[in-house]
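A.B. asks: File target-v1.txt below, compact mmCIF, C-alpha atoms:
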```
# COMPACT_ATOMS: atom_id res chain seq x y z
CA MET A 1 -11.60 -0.09 -35.01
CA THR A 2 -13.75 2.57 -33.44
CA LYS A 3 -13.21 6.28 -33.34
CA VAL A 4 -13.15 7.61 -29.79
CA SER A 5 -12.98 11.22 -28.69
CA MET A 6 -12.32 12.44 -25.20
CA LYS A 7 -10.76 15.34 -23.37
CA VAL A 8 -7.44 14.42 -21.81
CA ASN A 9 -5.83 16.95 -19.46
CA GLY A 10 -8.07 19.63 -20.93
CA LYS A 11 -7.15 18.88 -24.53
CA ALA A 12 -9.58 17.33 -27.03
CA VAL A 13 -8.15 14.14 -28.53
CA SER A 14 -9.54 11.70 -31.06
CA ARG A 15 -8.14 8.38 -32.32
CA ASP A 16 -9.21 5.27 -34.21
CA VAL A 17 -8.44 2.34 -31.93
CA PRO A 18 -9.23 -1.38 -31.73
CA ASP A 19 -12.27 -1.98 -29.50
CA ASN A 20 -10.21 -3.96 -26.99
CA THR A 21 -7.86 -1.03 -26.30
CA LEU A 22 -7.67 -0.33 -22.58
CA LEU A 23 -7.70 3.27 -21.39
CA VAL A 24 -4.14 2.91 -20.10
CA GLU A 25 -2.98 1.66 -23.51
CA PHE A 26 -4.78 4.58 -25.15
CA LEU A 27 -3.01 7.03 -22.84
CA ARG A 28 0.44 5.49 -23.06
CA GLU A 29 0.62 4.20 -26.62
CA GLN A 30 -1.67 6.55 -28.56
CA LEU A 31 -1.12 9.78 -26.64
CA ARG A 32 2.37 8.97 -25.32
CA LEU A 33 1.36 9.99 -21.82
CA THR A 34 3.61 7.49 -20.12
CA GLY A 35 3.29 8.91 -16.60
CA THR A 36 0.40 6.53 -16.00
CA HIS A 37 2.00 3.18 -15.20
CA VAL A 38 0.98 -0.43 -15.69
CA GLY A 39 1.94 -2.39 -12.59
CA CYS A 40 -0.01 -5.59 -12.08
CA ASP A 41 -2.38 -5.28 -15.06
CA THR A 42 -4.98 -7.15 -12.99
CA SER A 43 -6.71 -4.09 -11.45
CA GLN A 44 -5.19 -4.60 -8.04
CA CYS A 45 -2.12 -2.34 -7.72
CA GLY A 46 -3.51 1.06 -8.71
CA ALA A 47 -0.35 2.29 -10.52
CA CYS A 48 -2.63 3.08 -13.48
CA THR A 49 -5.06 5.27 -11.48
CA VAL A 50 -6.37 8.28 -13.42
CA HIS A 51 -9.43 10.49 -13.02
CA VAL A 52 -12.40 10.02 -15.36
CA ASN A 53 -15.06 12.70 -15.03
CA GLY A 54 -13.54 13.67 -11.70
CA ARG A 55 -13.33 10.21 -10.17
CA ALA A 56 -10.33 7.93 -9.66
CA ILE A 57 -10.49 4.72 -11.66
CA LYS A 58 -8.07 2.03 -12.75
CA SER A 59 -7.26 2.76 -16.37
CA CYS A 60 -6.17 -0.86 -16.95
CA THR A 61 -9.74 -2.01 -16.37
CA GLN A 62 -11.79 0.17 -18.67
CA LEU A 63 -12.08 0.17 -22.45
CA ALA A 64 -11.08 3.41 -24.18
CA VAL A 65 -14.04 3.14 -26.56
CA SER A 66 -16.47 3.11 -23.61
CA LEU A 67 -15.27 6.57 -22.57
CA GLU A 68 -16.53 8.59 -25.53
CA GLY A 69 -16.87 12.21 -24.44
CA ALA A 70 -15.22 11.63 -21.06
CA GLU A 71 -12.89 14.06 -19.32
CA VAL A 72 -9.70 12.30 -18.29
CA THR A 73 -6.98 13.69 -16.04
CA THR A 74 -3.61 11.98 -15.74
CA ILE A 75 -0.52 12.71 -13.65
CA GLU A 76 0.68 14.96 -16.50
CA GLY A 77 -2.41 17.16 -16.13
CA ILE A 78 -2.38 18.20 -12.48
CA ALA A 79 0.46 20.74 -12.37
CA ASN A 80 -0.63 24.27 -13.18
CA ASP A 81 1.67 26.25 -15.52
CA GLY A 82 4.76 24.50 -14.25
CA GLU A 83 3.67 24.82 -10.63
CA LEU A 84 3.32 21.43 -8.99
CA HIS A 85 -0.02 20.37 -7.51
CA PRO A 86 0.02 20.50 -3.67
CA MET A 87 -0.19 16.69 -3.65
CA GLN A 88 2.99 16.50 -5.76
CA VAL A 89 4.75 19.02 -3.50
CA ALA A 90 3.73 17.03 -0.42
CA PHE A 91 5.06 13.75 -1.86
CA ASN A 92 8.34 15.59 -2.49
CA ASP A 93 8.45 17.21 0.97
CA HIS A 94 7.68 13.99 2.83
CA HIS A 95 9.72 11.68 0.62
CA GLY A 96 6.51 9.85 -0.24
CA LEU A 97 8.23 7.70 -2.83
CA GLN A 98 11.12 5.31 -3.05
CA CYS A 99 11.41 3.72 -6.51
CA GLY A 100 8.58 5.97 -7.73
CA PHE A 101 6.74 3.42 -9.83
CA CYS A 102 3.48 3.55 -7.87
CA THR A 103 3.70 7.33 -7.35
CA PRO A 104 1.52 8.56 -10.22
CA GLY A 105 -1.30 6.30 -9.08
CA MET A 106 -0.77 7.23 -5.43
CA ILE A 107 -0.97 10.93 -6.25
CA MET A 108 -4.11 10.55 -8.37
CA ALA A 109 -5.73 8.42 -5.65
CA GLY A 110 -4.63 10.94 -3.03
CA ILE A 111 -6.20 13.90 -4.85
CA ASP A 112 -9.39 11.90 -5.38
CA MET A 113 -9.78 10.96 -1.71
CA VAL A 114 -9.11 14.52 -0.52
CA ASN A 115 -11.66 15.89 -2.98
CA ARG A 116 -14.30 13.36 -1.92
CA TYR A 117 -13.82 13.78 1.80
CA GLN A 118 -13.85 17.57 1.53
CA ALA A 119 -16.97 17.53 -0.67
CA GLN A 120 -18.74 15.30 1.88
CA GLY A 121 -17.45 17.31 4.84
CA LYS A 122 -15.76 14.24 6.30
CA ASP A 123 -12.51 14.22 8.26
CA LEU A 124 -9.70 12.51 6.36
CA THR A 125 -7.97 10.91 9.34
CA GLU A 126 -4.81 8.82 9.08
CA GLU A 127 -6.97 5.72 9.42
CA ALA A 128 -9.21 6.96 6.60
CA ILE A 129 -6.20 7.62 4.34
CA ARG A 130 -4.97 4.07 4.89
CA PHE A 131 -8.45 2.68 4.16
CA GLU A 132 -8.72 4.80 1.02
CA LEU A 133 -5.31 3.57 -0.18
CA GLU A 134 -6.64 0.02 -0.24
CA GLY A 135 -6.37 -0.16 -4.01
CA ASN A 136 -2.86 1.29 -4.37
CA LEU A 137 0.13 -0.91 -3.69
CA CYS A 138 3.69 0.28 -3.01
CA ARG A 139 6.09 -2.65 -3.28
CA CYS A 140 8.84 -0.61 -1.63
CA THR A 141 6.33 -0.57 1.26
CA GLY A 142 6.81 3.16 1.71
CA TYR A 143 3.27 3.68 2.95
CA HIS A 144 4.12 5.68 6.05
CA ASN A 145 5.47 8.69 4.15
CA ILE A 146 2.75 8.38 1.51
CA VAL A 147 0.13 8.69 4.26
CA LYS A 148 1.99 11.71 5.72
CA ALA A 149 2.17 13.34 2.29
CA ILE A 150 -1.57 12.93 1.62
CA ASP A 151 -2.39 14.23 5.10
CA ASP A 152 -0.22 17.31 4.51
CA ALA A 153 -1.62 17.93 1.02
CA ALA A 154 -5.18 17.64 2.34
CA GLY A 155 -4.58 20.68 4.53
CA LYS A 156 -3.13 22.67 1.64
CA MET A 157 -5.92 21.66 -0.74
CA THR A 158 -8.46 23.01 1.77
CA GLY A 159 -6.55 26.27 1.65
CA MET A 160 -6.70 26.21 -2.15
CA ALA A 161 -10.47 25.78 -2.14
CA ARG A 162 -10.90 28.61 0.35
CA ALA A 163 -8.64 30.89 -1.66
CA ALA A 164 -10.68 30.19 -4.77
CA GLU A 165 -13.97 31.11 -3.10
CA MET B 1 -7.33 -9.55 -24.34
CA TYR B 2 -8.66 -11.06 -27.54
CA GLN B 3 -10.35 -8.81 -30.05
CA THR B 4 -13.97 -7.96 -29.36
CA LYS B 5 -16.62 -5.68 -30.80
CA TYR B 6 -18.00 -2.94 -28.57
CA HIS B 7 -21.65 -1.84 -28.72
CA ARG B 8 -23.30 0.99 -26.81
CA PRO B 9 -27.06 0.64 -27.32
CA ALA B 10 -29.39 3.48 -26.30
CA SER B 11 -32.30 1.25 -25.26
CA ILE B 12 -33.01 -2.11 -23.66
CA ASP B 13 -34.50 -3.36 -26.93
CA ASP B 14 -31.37 -2.40 -28.86
CA ALA B 15 -29.22 -4.11 -26.23
CA VAL B 16 -31.21 -7.34 -26.46
CA ALA B 17 -31.03 -7.20 -30.28
CA ALA B 18 -27.26 -6.59 -30.23
CA LEU B 19 -26.71 -9.57 -27.96
CA ALA B 20 -28.98 -11.80 -30.05
CA ALA B 21 -27.06 -10.86 -33.22
CA ALA B 22 -23.68 -11.58 -31.64
CA GLU B 23 -21.95 -14.93 -32.06
CA ASP B 24 -20.91 -15.07 -28.41
CA GLY B 25 -21.81 -11.77 -26.80
CA LYS B 26 -21.85 -10.55 -23.24
CA PHE B 27 -23.48 -7.62 -21.51
CA LEU B 28 -20.98 -5.16 -20.00
CA SER B 29 -21.52 -2.83 -17.10
CA GLY B 30 -18.70 -1.53 -14.87
CA GLY B 31 -16.40 -4.22 -16.23
CA GLN B 32 -14.46 -4.66 -12.99
CA THR B 33 -14.77 -8.43 -13.24
CA LEU B 34 -15.54 -9.04 -16.91
CA LEU B 35 -12.68 -6.96 -18.35
CA ALA B 36 -10.21 -8.43 -15.85
CA THR B 37 -11.38 -11.92 -16.85
CA MET B 38 -11.04 -11.08 -20.55
CA LYS B 39 -7.51 -9.80 -20.00
CA GLN B 40 -6.61 -13.17 -18.51
CA ARG B 41 -8.24 -14.80 -21.54
CA LEU B 42 -10.59 -16.70 -19.27
CA ALA B 43 -13.43 -15.11 -21.25
CA ALA B 44 -13.38 -14.08 -24.89
CA PRO B 45 -16.77 -12.69 -25.94
CA THR B 46 -16.98 -11.71 -29.59
CA ASP B 47 -19.15 -8.75 -28.66
CA LEU B 48 -19.59 -6.54 -25.61
CA VAL B 49 -22.94 -4.82 -25.20
CA ASP B 50 -22.46 -1.91 -22.78
CA LEU B 51 -25.63 -1.28 -20.75
CA ARG B 52 -24.46 1.97 -19.16
CA GLY B 53 -25.62 4.21 -21.99
CA ILE B 54 -29.27 3.21 -21.58
CA PRO B 55 -31.31 6.02 -20.00
CA GLY B 56 -32.86 5.21 -16.62
CA MET B 57 -30.40 2.45 -15.73
CA SER B 58 -28.75 4.30 -12.86
CA GLY B 59 -29.96 6.24 -9.88
CA ILE B 60 -31.37 5.70 -6.41
CA THR B 61 -34.96 6.25 -5.25
CA VAL B 62 -36.04 5.95 -1.64
CA ASP B 63 -39.67 5.84 -0.54
CA ALA B 64 -41.68 4.60 2.43
CA ASP B 65 -41.36 0.99 1.30
CA GLY B 66 -37.65 0.90 0.73
CA VAL B 67 -34.76 1.63 -1.60
CA THR B 68 -34.62 1.02 -5.36
CA ILE B 69 -31.22 1.14 -7.04
CA GLY B 70 -30.75 1.27 -10.81
CA ALA B 71 -28.61 -1.57 -12.17
CA ALA B 72 -25.85 0.69 -13.51
CA THR B 73 -25.48 2.61 -10.24
CA ILE B 74 -21.88 2.45 -9.06
CA HIS B 75 -20.96 1.21 -5.58
CA ALA B 76 -19.55 4.63 -4.60
CA ASP B 77 -22.92 6.31 -5.20
CA VAL B 78 -24.76 3.76 -3.03
CA ALA B 79 -22.10 4.15 -0.32
CA ALA B 80 -22.27 7.95 -0.36
CA SER B 81 -26.05 8.32 -0.61
CA PRO B 82 -27.48 10.02 2.52
CA GLU B 83 -30.91 8.65 1.57
CA VAL B 84 -29.67 5.05 1.51
CA ALA B 85 -27.73 5.61 4.73
CA ALA B 86 -30.92 6.86 6.40
CA ALA B 87 -33.23 4.14 5.07
CA ILE B 88 -30.97 1.06 5.18
CA PRO B 89 -27.61 1.96 6.74
CA ALA B 90 -26.39 -1.64 6.38
CA LEU B 91 -26.69 -1.35 2.59
CA ALA B 92 -24.65 1.86 2.35
CA ALA B 93 -22.02 0.41 4.68
CA LEU B 94 -21.80 -2.80 2.64
CA ALA B 95 -21.30 -0.83 -0.59
CA SER B 96 -18.57 1.28 1.01
CA HIS B 97 -16.37 -1.78 1.55
CA ILE B 98 -16.61 -3.44 -1.87
CA GLY B 99 -13.18 -3.73 -3.52
CA ASP B 100 -11.31 -0.42 -3.30
CA PRO B 101 -12.20 3.22 -4.08
CA ALA B 102 -11.30 3.04 -7.80
CA VAL B 103 -13.28 -0.18 -8.23
CA ARG B 104 -16.25 1.42 -6.44
CA HIS B 105 -16.14 4.24 -9.00
CA MET B 106 -16.76 1.80 -11.86
CA GLY B 107 -18.35 -1.39 -10.52
CA THR B 108 -22.16 -1.54 -10.55
CA ILE B 109 -24.79 -3.36 -8.49
CA GLY B 110 -26.34 -4.92 -11.60
CA GLY B 111 -22.99 -6.19 -12.82
CA SER B 112 -22.16 -7.67 -9.44
CA LEU B 113 -25.50 -9.47 -9.19
CA ALA B 114 -25.42 -10.76 -12.78
CA ASN B 115 -21.95 -12.18 -12.18
CA ASN B 116 -22.93 -13.63 -8.76
CA ASP B 117 -19.40 -14.25 -7.55
CA PRO B 118 -19.72 -16.54 -4.49
CA ALA B 119 -17.57 -14.10 -2.47
CA ALA B 120 -19.23 -10.85 -3.61
CA ASP B 121 -20.96 -8.59 -1.08
CA TYR B 122 -24.17 -7.55 -2.85
CA PRO B 123 -25.66 -11.08 -3.04
CA ALA B 124 -25.71 -11.11 0.78
CA ALA B 125 -27.60 -7.80 0.75
CA VAL B 126 -30.20 -8.96 -1.76
CA LEU B 127 -30.81 -12.31 -0.05
CA GLY B 128 -30.54 -11.02 3.51
CA LEU B 129 -32.77 -7.98 2.99
CA ASN B 130 -35.25 -9.99 0.89
CA GLY B 131 -34.65 -7.84 -2.19
CA THR B 132 -36.21 -8.16 -5.61
CA VAL B 133 -34.25 -8.18 -8.88
CA ILE B 134 -36.18 -6.25 -11.52
CA THR B 135 -35.37 -7.20 -15.11
CA ASN B 136 -36.65 -6.27 -18.56
CA GLN B 137 -38.88 -9.36 -18.37
CA ARG B 138 -40.03 -9.85 -14.76
CA GLU B 139 -39.41 -9.37 -11.07
CA ILE B 140 -37.31 -12.09 -9.47
CA PRO B 141 -37.46 -12.61 -5.68
CA ALA B 142 -34.05 -13.04 -4.02
CA GLU B 143 -34.95 -16.60 -3.06
CA GLU B 144 -35.23 -17.60 -6.72
CA TYR B 145 -32.50 -15.39 -8.16
CA PHE B 146 -29.32 -17.01 -6.79
CA VAL B 147 -28.95 -20.44 -8.37
CA GLY B 148 -25.31 -21.41 -7.76
CA LEU B 149 -21.69 -20.38 -8.30
CA PHE B 150 -21.69 -17.57 -10.88
CA THR B 151 -25.17 -18.77 -11.82
CA THR B 152 -28.44 -16.86 -11.55
CA ALA B 153 -32.05 -17.18 -12.70
CA LEU B 154 -31.35 -14.68 -15.52
CA GLU B 155 -32.23 -16.02 -18.96
CA GLU B 156 -30.26 -15.29 -22.12
CA GLY B 157 -30.96 -11.69 -23.10
CA GLU B 158 -32.49 -10.84 -19.73
CA ILE B 159 -31.19 -7.55 -18.33
CA ILE B 160 -31.28 -6.36 -14.72
CA LYS B 161 -32.85 -2.89 -14.65
CA ALA B 162 -32.95 -2.28 -10.91
CA VAL B 163 -32.94 -3.89 -7.48
CA ARG B 164 -35.52 -3.14 -4.81
CA PHE B 165 -34.76 -3.50 -1.11
CA PRO B 166 -37.61 -3.32 1.44
CA ARG B 167 -36.79 -1.45 4.66
CA PRO B 168 -35.79 -3.85 7.45
CA LYS B 169 -36.56 -3.07 11.08
CA ARG B 170 -32.82 -3.25 11.64
CA ALA B 171 -29.89 -4.82 9.82
CA ALA B 172 -26.10 -4.96 9.68
CA TYR B 173 -23.42 -6.52 7.49
CA GLN B 174 -20.08 -7.78 8.74
CA LYS B 175 -17.31 -8.97 6.47
CA PHE B 176 -14.01 -10.70 7.07
CA ALA B 177 -12.20 -9.53 3.95
CA GLN B 178 -9.69 -11.64 2.07
CA PRO B 179 -6.77 -9.22 2.51
CA ALA B 180 -5.52 -9.26 -1.08
CA SER B 181 -8.80 -9.04 -2.98
CA ARG B 182 -11.16 -7.48 -0.41
CA PHE B 183 -13.75 -10.03 -1.45
CA ALA B 184 -15.50 -11.65 1.50
CA LEU B 185 -13.71 -14.63 2.98
CA VAL B 186 -17.01 -14.70 4.84
CA GLY B 187 -19.65 -11.96 4.92
CA VAL B 188 -22.83 -12.09 6.98
CA LEU B 189 -25.89 -9.90 6.67
CA VAL B 190 -28.37 -10.09 9.54
CA ALA B 191 -31.73 -8.38 9.12
CA GLU B 192 -34.82 -8.25 11.28
CA THR B 193 -37.73 -7.87 8.88
CA ASP B 194 -41.52 -7.85 9.17
CA ASP B 195 -41.41 -11.56 8.34
CA GLY B 196 -38.79 -12.50 10.88
CA VAL B 197 -35.02 -12.57 11.00
CA ARG B 198 -33.01 -13.30 7.85
CA VAL B 199 -29.33 -14.22 7.84
CA ALA B 200 -27.51 -14.38 4.50
CA ILE B 201 -23.93 -15.61 4.24
CA THR B 202 -21.59 -14.93 1.31
CA GLY B 203 -18.01 -16.04 0.65
CA ALA B 204 -18.53 -19.39 2.34
CA GLY B 205 -21.13 -21.59 0.66
CA SER B 206 -20.18 -24.25 -1.89
CA ASP B 207 -23.18 -23.10 -3.94
CA GLY B 208 -22.75 -19.38 -3.32
CA VAL B 209 -24.77 -17.12 -1.07
CA PHE B 210 -27.21 -18.90 1.28
CA ARG B 211 -29.49 -18.34 4.26
CA ALA B 212 -28.40 -19.76 7.60
CA GLY B 213 -31.57 -21.41 8.91
CA ALA B 214 -30.10 -22.33 12.30
CA PHE B 215 -28.99 -18.73 12.92
CA GLU B 216 -32.38 -17.41 11.87
CA ALA B 217 -34.23 -19.80 14.19
CA ALA B 218 -32.03 -18.83 17.14
CA LEU B 219 -32.40 -15.10 16.47
CA ASN B 220 -36.16 -15.32 15.97
CA GLY B 221 -36.38 -16.59 19.53
CA ASP B 222 -33.91 -14.09 20.96
CA PHE B 223 -32.30 -11.32 18.85
CA SER B 224 -29.01 -11.25 20.72
CA ALA B 225 -25.43 -12.27 19.99
CA GLY B 226 -25.57 -14.79 22.81
CA ALA B 227 -28.43 -16.62 21.11
CA LEU B 228 -25.92 -17.77 18.48
CA ASP B 229 -23.42 -19.26 20.95
CA SER B 230 -24.65 -22.78 20.31
CA ALA B 231 -25.88 -22.30 16.72
CA SER B 232 -23.76 -23.27 13.75
CA VAL B 233 -23.66 -23.66 9.97
CA ASP B 234 -22.70 -27.06 8.61
CA ALA B 235 -19.05 -27.02 7.46
CA ASP B 236 -19.85 -29.79 4.97
CA ASP B 237 -21.69 -27.21 2.85
CA LEU B 238 -18.82 -24.67 2.82
CA MET B 239 -15.97 -23.93 0.44
CA ASN B 240 -12.44 -25.19 0.96
CA ASP B 241 -9.52 -23.32 -0.62
CA ILE B 242 -6.02 -22.07 0.16
CA HIS B 243 -7.45 -19.15 2.11
CA ALA B 244 -9.64 -21.01 4.58
CA THR B 245 -10.93 -24.44 5.52
CA PRO B 246 -14.68 -25.12 5.75
CA GLU B 247 -14.38 -25.36 9.54
CA TYR B 248 -12.70 -21.95 9.74
CA ARG B 249 -15.38 -20.45 7.50
CA ALA B 250 -18.08 -21.96 9.73
CA HIS B 251 -16.39 -20.38 12.75
CA LEU B 252 -16.16 -17.00 11.02
CA ALA B 253 -19.83 -17.22 10.02
CA ARG B 254 -20.95 -17.44 13.65
CA VAL B 255 -18.55 -14.76 14.91
CA LEU B 256 -19.53 -12.35 12.13
CA ALA B 257 -23.23 -13.07 12.63
CA GLN B 258 -22.81 -12.22 16.31
CA ARG B 259 -21.00 -8.99 15.44
CA ALA B 260 -23.75 -8.14 12.96
CA VAL B 261 -26.44 -8.68 15.59
CA LYS B 262 -24.58 -6.30 17.93
CA ALA B 263 -24.03 -3.76 15.13
CA ALA B 264 -27.72 -3.88 14.17
CA GLY B 265 -28.47 -2.60 17.68
```
Please go through the file and, once you have read it, give me the structure as structure tokens.
C.D. replies:
Amino acid sequence: MTKVSMKVNGKAVSRDVPDNTLLVEFLREQLRLTGTHVGCDTSQCGACTVHVNGRAIKSCTQLAVSLEGAEVTTIEGIANDGELHPMQVAFNDHHGLQCGFCTPGMIMAGIDMVNRYQAQGKDLTEEAIRFELEGNLCRCTGYHNIVKAIDDAAGKMTGMARAAE
Amino acid sequence: MYQTKYHRPASIDDAVAALAAAEDGKFLSGGQTLLATMKQRLAAPTDLVDLRGIPGMSGITVDADGVTIGAATIHADVAASPEVAAAIPALAALASHIGDPAVRHMGTIGGSLANNDPAADYPAAVLGLNGTVITNQREIPAEEYFVGLFTTALEEGEIIKAVRFPRPKRAAYQKFAQPASRFALVGVLVAETDDGVRVAITGAGSDGVFRAGAFEAALNGDFSAGALDSASVDADDLMNDIHATPEYRAHLARVLAQRAVKAAG
């Protein structure tokens, strides 16, 4: 057992866990944040995507104890005071989900790609969205509306950044 | 995953000592292969010695001679580096197509090279660009580093600190990705260097990454896609699996080499 402390969705948390505890197990079983899903458990499907220090990673393929001091954001941490994140709104507006199992990972991957492309001043085209979704699988095959949702949210997230300036 | 003990040493010396003290330890970096393998119980190290907490292990420096990348530098940072893109665009482009975005946020160049998966992308970059693997003990030229499938010249307790790539005159990498894994079904790096043309092929060889002598000879005479029309790699030396026959891999190798020559400009 090792004691690990990190900040999850802005809140400091600390737990004693076995060294082989995966981040996704830490989130779901220790913190009861069950919005992050385990799909394939082989780091291919992306249902477990969360942000660690501002970057999307697969939480099924990282040890919790290796993330001492990290800042982790999960699907539960992106709404602001009950107001959905623009990416969540866009998935709703465009029906970017069918069974919904992959959705938390899709939304976290979507926010990550928009943030990266905007920071680098690159155009997030439809082709780029599809390339960036390489690591997120939707077995309902509802990709078309997912791509539309991310495209829509990208425009609104630009607006957010401008408003904040 | 079986139980394991996690270590996060703050120096190379501490890392070497932690591994030496372990019954069956392994060095850990981004973990995008090792942790997945442990979850499948194909590996069960008693101890994991995480190298990412050691100061100076990550970062990119570019000078007149070339590009040096710290072993714990993640693929996404190599892909997004304007300095790498300016010095060796083929290297940044190669890094931008490893795995998927989330994997590129964790996977490291040192981890990839230490693992030496026969379908990984970075081995083609190191061999094709005539890179040097810098460890805590020595500097290993690319020619001596890659020994076989998942096998390298690294000794027990030897740690990759950085990789140095000299600037080529021009270079490009082309990959035909296995659609499910995004590993290279075949990947070809073509580079024109001060010492002639080098062509490194990954994803295809029975012994891992290799240089295609026939392609190099043809391109040394005439650096054009057409020069490869009658050149070939021997299918007898290539892998055979459910994804592709050796003959198909040999075909892809020539087509991708031709595309790389065109892309190199």
A.B. asks: Please produce, as CSV, a per-residue contact table for chain A versus chain B (criterion: any atom at most 7 Å away, all atoms listed in the file considered), showing the nearest atom pair and its distance in Å to one decimal, sorted by chain then residue number.
C.D. replies:
```
residue,atom,partner,partner_atom,distance
A:Asp19,CA,B:Lys5,CA,5.9
A:Asn20,CA,B:Gln3,CA,5.7
A:Thr42,CA,B:Ala36,CA,6.1
A:Arg55,CA,B:His105,CA,6.7
A:Ala56,CA,B:Ala102,CA,5.3
A:Ile57,CA,B:Ala102,CA,4.3
A:Lys58,CA,B:Ala102,CA,6.0
A:Thr61,CA,B:Leu35,CA,6.1
A:Gln62,CA,B:Gly31,CA,6.8
A:Glu132,CA,B:Pro101,CA,6.4
A:Glu134,CA,B:Asp100,CA,5.6
A:Gly135,CA,B:Asp100,CA,5.0
```
A.B. asks: Between B:Leu256, B:Leu19, B:Ile69, B:Ile98, which has the minimum distance to B:Gly131 (counting all atoms listed in the file)?
C.D. replies: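 Closest residue, counting all atoms listed in the file: B:Ile69.
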A.B. asks: Rank B:Ala225, B:Ala171, B:Ala218, B:Ala114 by their smallest atom-to-atom distance to B:Ala92, using all atoms listed in the file, and report the top residue only.
C.D. replies: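 The closest residue to B:Ala92 is B:Ala171.
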A.B. asks: At a cut-off of 8 Å, using all atoms listed in the file, what residues contact stretch 67-74 of chain A? Leave out same-chain residues fewer than 6 positions from it and give the result as a list in words.
C.D. replies: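 Neighbouring residues, sequence-local ones excluded: Val4, Ser5, Met6, Lys7, Val8, Asn9, Gly10, Gly35, Thr36, Val50, His51, Val52, Asn53, Gly54 and Met108 of chain A.
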A.B. asks: What lies within 7 Å of A:Ala109 using all atoms listed in the file, ignoring chain neighbours under 3 positions off, as an MDAnalysis selection string?
C.D. replies: chainID A and resid 49 56 105:106 112:113
A.B. asks: In Å, rounded to a single decimal, give me how far atom CA of B:Gly221 is from atom CA of B:Val126.
C.D. replies: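 Atom CA of B:Gly221 lies 23.4 Å from atom CA of B:Val126.
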A.B. asks: Work out how far atom CA of B:Asp65 is from atom CA of B:Ala153, in Å to one decimal.
C.D. replies: 24.8 Å
A.B. asks: Skipping near chain neighbours, those fewer than 5 positions away, what residues fall within 12 Å of A:Leu124 using all atoms listed in the file, listed as a list in words?
C.D. replies: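 Neighbouring residues, sequence-local ones excluded: Gly110, Ile111, Asp112, Met113, Val114, Asn115, Arg116, Tyr117, Gln118, Ala119, Ile129, Arg130, Phe131, Glu132, Leu133, Val147, Lys148, Ile150, Asp151, Asp152, Ala153, Ala154, Gly155 and Thr158 of chain A.
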A.B. asks: Please write as an MDAnalysis selection string the list of polymer residues whose atoms come within 8 Å of (-1.1, 17.3, -9.5), counting all atoms listed in the file and keeping to the coordinates of the file.
C.D. replies: chainID A and resid 75:80 84:88 107:108 111
A.B. asks: Could you jot down the atom CA of A:Gly142 to atom CA of A:Asp41 separation for me, Å, one decimal place?
C.D. replies: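 Going from atom CA of A:Gly142 over to atom CA of A:Asp41 covers 20.9 Å.
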A.B. asks: Need to verify the contact set: B:Ala204, 6 Å, only C-alpha atoms, exclusion of same-chain residues closer than 4 positions in sequence. Can you return it as a PyMOL selection string?
C.D. replies: chain B and resi 186+238-239
A.B. asks: May I have the residues within 10 Å of B:Asp207 as a ChimeraX atom specification, using only C-alpha atoms and disregarding those fewer than 5 positions away in the same chain?
C.D. replies: /B:118,146-151,202,237-239
